[in-house]
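Peer 1: One structure follows; several queries about it will come next.
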Amino acid sequence: MGALANQSFAKMNGIGNEIVVVDLRASSIPVTPEEARAVASPAGVHFDQLMVLQKPRLKGTEAFIRIYNNDGSEAAACGNGMRCVVRQLFEATGQTAVTFETKAGLLNCWQGPASDLYTVDMGAPKFGWQDIPLAEEFRDTRSIELQIGPIDAPVLHTPSAVSMGNPHAIFWVDDVNAYDLGRFGPLLENHPIFPERANITLAHIVDRDHITIRTWERGAGLTKACGSAACATAVAAARLKRANRIVNITLPGGELAIEWREGDDHVLMTGTATFEYEGRFDPALFSSVA
Ligand SMILES: N[C@@H](CCC[C@H](N)C(=O)O)C(=O)O
């Protein structure tokens with residue numbers, strides 16, 4: 001029958017990033033990529049990421065969270081999705097702090113500084129070419145050799161590369177809306193330099209405290225917001241010494257506050273999470289799923 005038939009879900013969004021949250025802590029059946037794609041199909045519930053809470057594997061954690069993109073692939077990190085999960089849990093239990101496990105490791109999350117804001121400690125970024133990963137050695141991933149368009153007049157070039165638990169490439173531009181990201185995004189996401197594909201972001205540094213971005217998400221396409229991309233961009237800009245370690249990021253769907261903390265190098269992401277509606281998956285949705 002599968003894990004999701006008849007299962008209740010919450011449709012939410014993290015500043016426009018479309019999120020579906022499913023609590024499967026009482027079940028031991030894993031969600032398959034085919035089921036995730038069936039949910040994302042036109043007859044189902046549109047999402048960028050499906051956040052699935054499974055039984056905790058580690059003491060002191062609330063759940064092990066698996067994250068599915070709408071193409072059925074799995075991601076280790078999803079900042080906006082985490083805020084949605086956290087809001088659901090806090091409203092149900094009255095908790096104000098929690099630790100989750102994801103494939104990227106342990107994530108501490110808490111409420112505040114205002115009651116409608118949720119902070120996720122996204123952990124420390126990684127910069128090594130094998131950690132991102134990139135297909136070939138780059139000693140300095142602040143700027144890697146990669147371009148798209150004519151060789152003598154590239155349209156986009158020399159991105160920064162960062163892992164926030166998932167791979168990101170950030171192209172620095174003067175106007176994030178001046179590029180056809182729907183066309184260049186898939187080409188760059190699947191470029192051979194990214195053996196595990198990558199999330200592709202266009203970023204404009206407004207000033208040392210403020211950056212504007214647009215993102216093409218690996219496995220999900222154009223989104224109104226990508227939290228891990230906001231974190232990756234903040235870190236990449238600070239590494240290039242073009243921005244401070246505390247910045248506001250403007251995304252098409254809203255604002256995120258990002259702090260790349262001194263000392264432990266962890267990246268803290270703060271923003272809102274919006275509840276839209278609750279529902280139950282129609283079993284017919286999964287009738288063709290093995
Ligand atoms: N929307 C997310 C990132 C989603 C994961 C990404 N598509 C991937 O496969 O790495 C966020 O808010 O961080």
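Ordered as shown in the structure tokens, chains take letters A, B, and onward, while each chain numbers its residues from 1 and ligands are numbered from 1 in the order shown.
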If the limit is 8 Å from any atom of ligand 1, counting only C-alpha atoms and all ligand atoms, which residues qualify? Return them as number ranges by chain.
Peer 2: A: 14, 17, 48-49, 67-69, 73-82, 165-168, 198-199, 217-221, 223, 225-230
Peer 1: Tell me, as a PyMOL selection string, which residues lie within 8 Å of Trp110 of chain A, counting only C-alpha atoms; anything in the same chain fewer than 2 positions away does not count.
Peer 2: chain A and resi 86+96-98+108+112+118-120
Peer 1: Rank A:Gly263, A:Gly149, A:Pro30, A:Ile15 by their smallest atom-to-atom distance to Thr250 of chain A, using only C-alpha atoms, and report the top residue only.
Peer 2: A:Ile15
Peer 1: May I have all residues of segment 145-258 of chain A that DSSP, computed from the backbone, assigns to strand (DSSP E), given as an MDAnalysis selection string?
Peer 2: chainID A and resid 147:148 156:157 160:163 167:172 199:207 210:217 221:223 246:251 254:258
Peer 1: Can you write just those residues out, C-alpha atoms, as a tab-separated table (two decimals), in the first residue's frame?
Peer 2:
```tsv
chain	number	residue	atom	x	y	z
A	147	GLN	CA	30.84	29.60	-17.57
A	148	ILE	CA	27.79	29.46	-19.74
A	156	LEU	CA	27.21	33.69	-16.37
A	157	HIS	CA	30.63	32.77	-15.08
A	160	SER	CA	31.39	30.46	-5.79
A	161	ALA	CA	30.74	26.88	-4.70
A	162	VAL	CA	29.63	25.87	-1.19
A	163	SER	CA	28.07	22.86	0.52
A	167	PRO	CA	25.63	21.57	-3.21
A	168	HIS	CA	25.32	25.23	-4.21
A	169	ALA	CA	26.81	27.39	-6.95
A	170	ILE	CA	26.39	31.16	-6.63
A	171	PHE	CA	26.83	33.42	-9.67
A	172	TRP	CA	27.45	37.09	-8.80
A	199	ASN	CA	21.35	24.31	-6.66
A	200	ILE	CA	22.02	27.34	-8.85
A	201	THR	CA	21.71	30.86	-7.44
A	202	LEU	CA	22.00	34.32	-8.96
A	203	ALA	CA	23.09	36.83	-6.31
A	204	HIS	CA	23.38	40.61	-6.28
A	205	ILE	CA	25.26	42.20	-3.40
A	206	VAL	CA	23.29	45.36	-2.60
A	207	ASP	CA	25.61	46.37	0.23
A	210	HIS	CA	22.03	42.99	2.13
A	211	ILE	CA	22.00	40.54	-0.79
A	212	THR	CA	19.25	39.74	-3.30
A	213	ILE	CA	19.00	36.21	-4.78
A	214	ARG	CA	17.02	33.97	-7.13
A	215	THR	CA	17.49	30.20	-7.15
A	216	TRP	CA	16.98	27.29	-9.48
A	217	GLU	CA	16.70	24.32	-7.12
A	221	GLY	CA	13.28	23.94	-10.47
A	222	LEU	CA	12.55	27.65	-10.05
A	223	THR	CA	11.43	28.47	-6.53
A	246	ILE	CA	25.32	38.93	9.39
A	247	VAL	CA	23.19	39.80	6.35
A	248	ASN	CA	19.61	40.08	5.18
A	249	ILE	CA	18.79	38.12	2.07
A	250	THR	CA	15.90	39.16	-0.17
A	251	LEU	CA	14.35	36.28	-2.12
A	254	GLY	CA	10.39	37.18	1.23
A	255	GLU	CA	13.29	37.87	3.57
A	256	LEU	CA	15.70	35.74	5.57
A	257	ALA	CA	18.22	36.84	8.20
A	258	ILE	CA	21.47	34.88	7.99
```
Peer 1: Report, in Å to a single decimal, how far apart atom CA of Gln111 of chain A and atom CA of Gln95 of chain A are.
Peer 2: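 Between atom CA of Gln95 of chain A and atom CA of Gln111 of chain A the gap works out to 8.7 Å.
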Peer 1: Taking only C-alpha atoms into account, name the residue in A:Asn6, A:Thr272, A:Ser287, A:Thr233 that is nearest to Pro125 of chain A.
Peer 2: A:Thr233
Peer 1: Segment 197-256 of chain A: which residues are alpha helix (DSSP H) by DSSP, as a short mmCIF file (atom, residue, chain, number, x, y, z; two decimals) with C-alpha atoms, in the first residue's frame?
Peer 2:
```cif
data_model
loop_
_atom_site.label_atom_id
_atom_site.label_comp_id
_atom_site.auth_asym_id
_atom_site.auth_seq_id
_atom_site.Cartn_x
_atom_site.Cartn_y
_atom_site.Cartn_z
CA GLY A 227 16.89 28.70 2.53
CA SER A 228 20.10 26.74 2.10
CA ALA A 229 20.90 28.88 -0.98
CA ALA A 230 20.46 32.00 1.16
CA CYS A 231 22.91 30.51 3.69
CA ALA A 232 25.38 29.46 0.97
CA THR A 233 25.22 32.93 -0.60
CA ALA A 234 25.79 34.73 2.71
CA VAL A 235 28.80 32.55 3.46
CA ALA A 236 30.23 32.87 -0.07
CA ALA A 237 29.88 36.67 0.00
CA ALA A 238 31.60 36.86 3.40
CA ARG A 239 34.41 34.57 2.16
#
```
Peer 1: Can you work out the spacing between atom CA of Phe100 of chain A and atom CA of Leu58 of chain A in Å, to one decimal?
Peer 2: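 Between these atoms lies a distance of 9.1 Å.
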Peer 1: Within 8 Å of Ala124 of chain A, counting only C-alpha atoms, which residues qualify if same-chain residues fewer than 6 places away don't, as a list in words?
Peer 2: Met164, Asp264, Asp265, His266 and Val267 of chain A
Peer 1: Grab the atom CA of Asp175 of chain A to atom CA of Ser143 of chain A distance for me, in Å with one decimal place.
Peer 2: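 One can read the atom CA of Asp175 of chain A to atom CA of Ser143 of chain A distance as 19.0 Å.
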Peer 1: I'd like the contact shell of Ser288 of chain A - 10 Å cut-off, only C-alpha atoms, skipping same-chain residues fewer than 4 positions apart - returned as a PyMOL selection string.
Peer 2: chain A and resi 34-35+38+284
Peer 1: Go through A:Leu146, A:Leu188, A:Val85, A:Leu107 and flag the residue nearest Gly60 of chain A, using only C-alpha atoms for the distances.
Peer 2: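 Among the listed residues, the smallest separation from Gly60 of chain A belongs to A:Leu107.
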Peer 1: Skipping near chain neighbours, those fewer than 3 positions away, what residues fall within 12 Å of Phe275 of chain A using only C-alpha atoms, listed as a list in words?
Peer 2: Phe9, Ala10, Lys11, Met12, Asn13, Gly14, Ile15, Gly16, Asn17, Glu18, Ile19, Val20, Val21, Gly81, Arg83, Cys84, Val85, Val86, Arg87, Gln88, Leu89, Glu91, Asp116, Thr272 and Glu278 of chain A
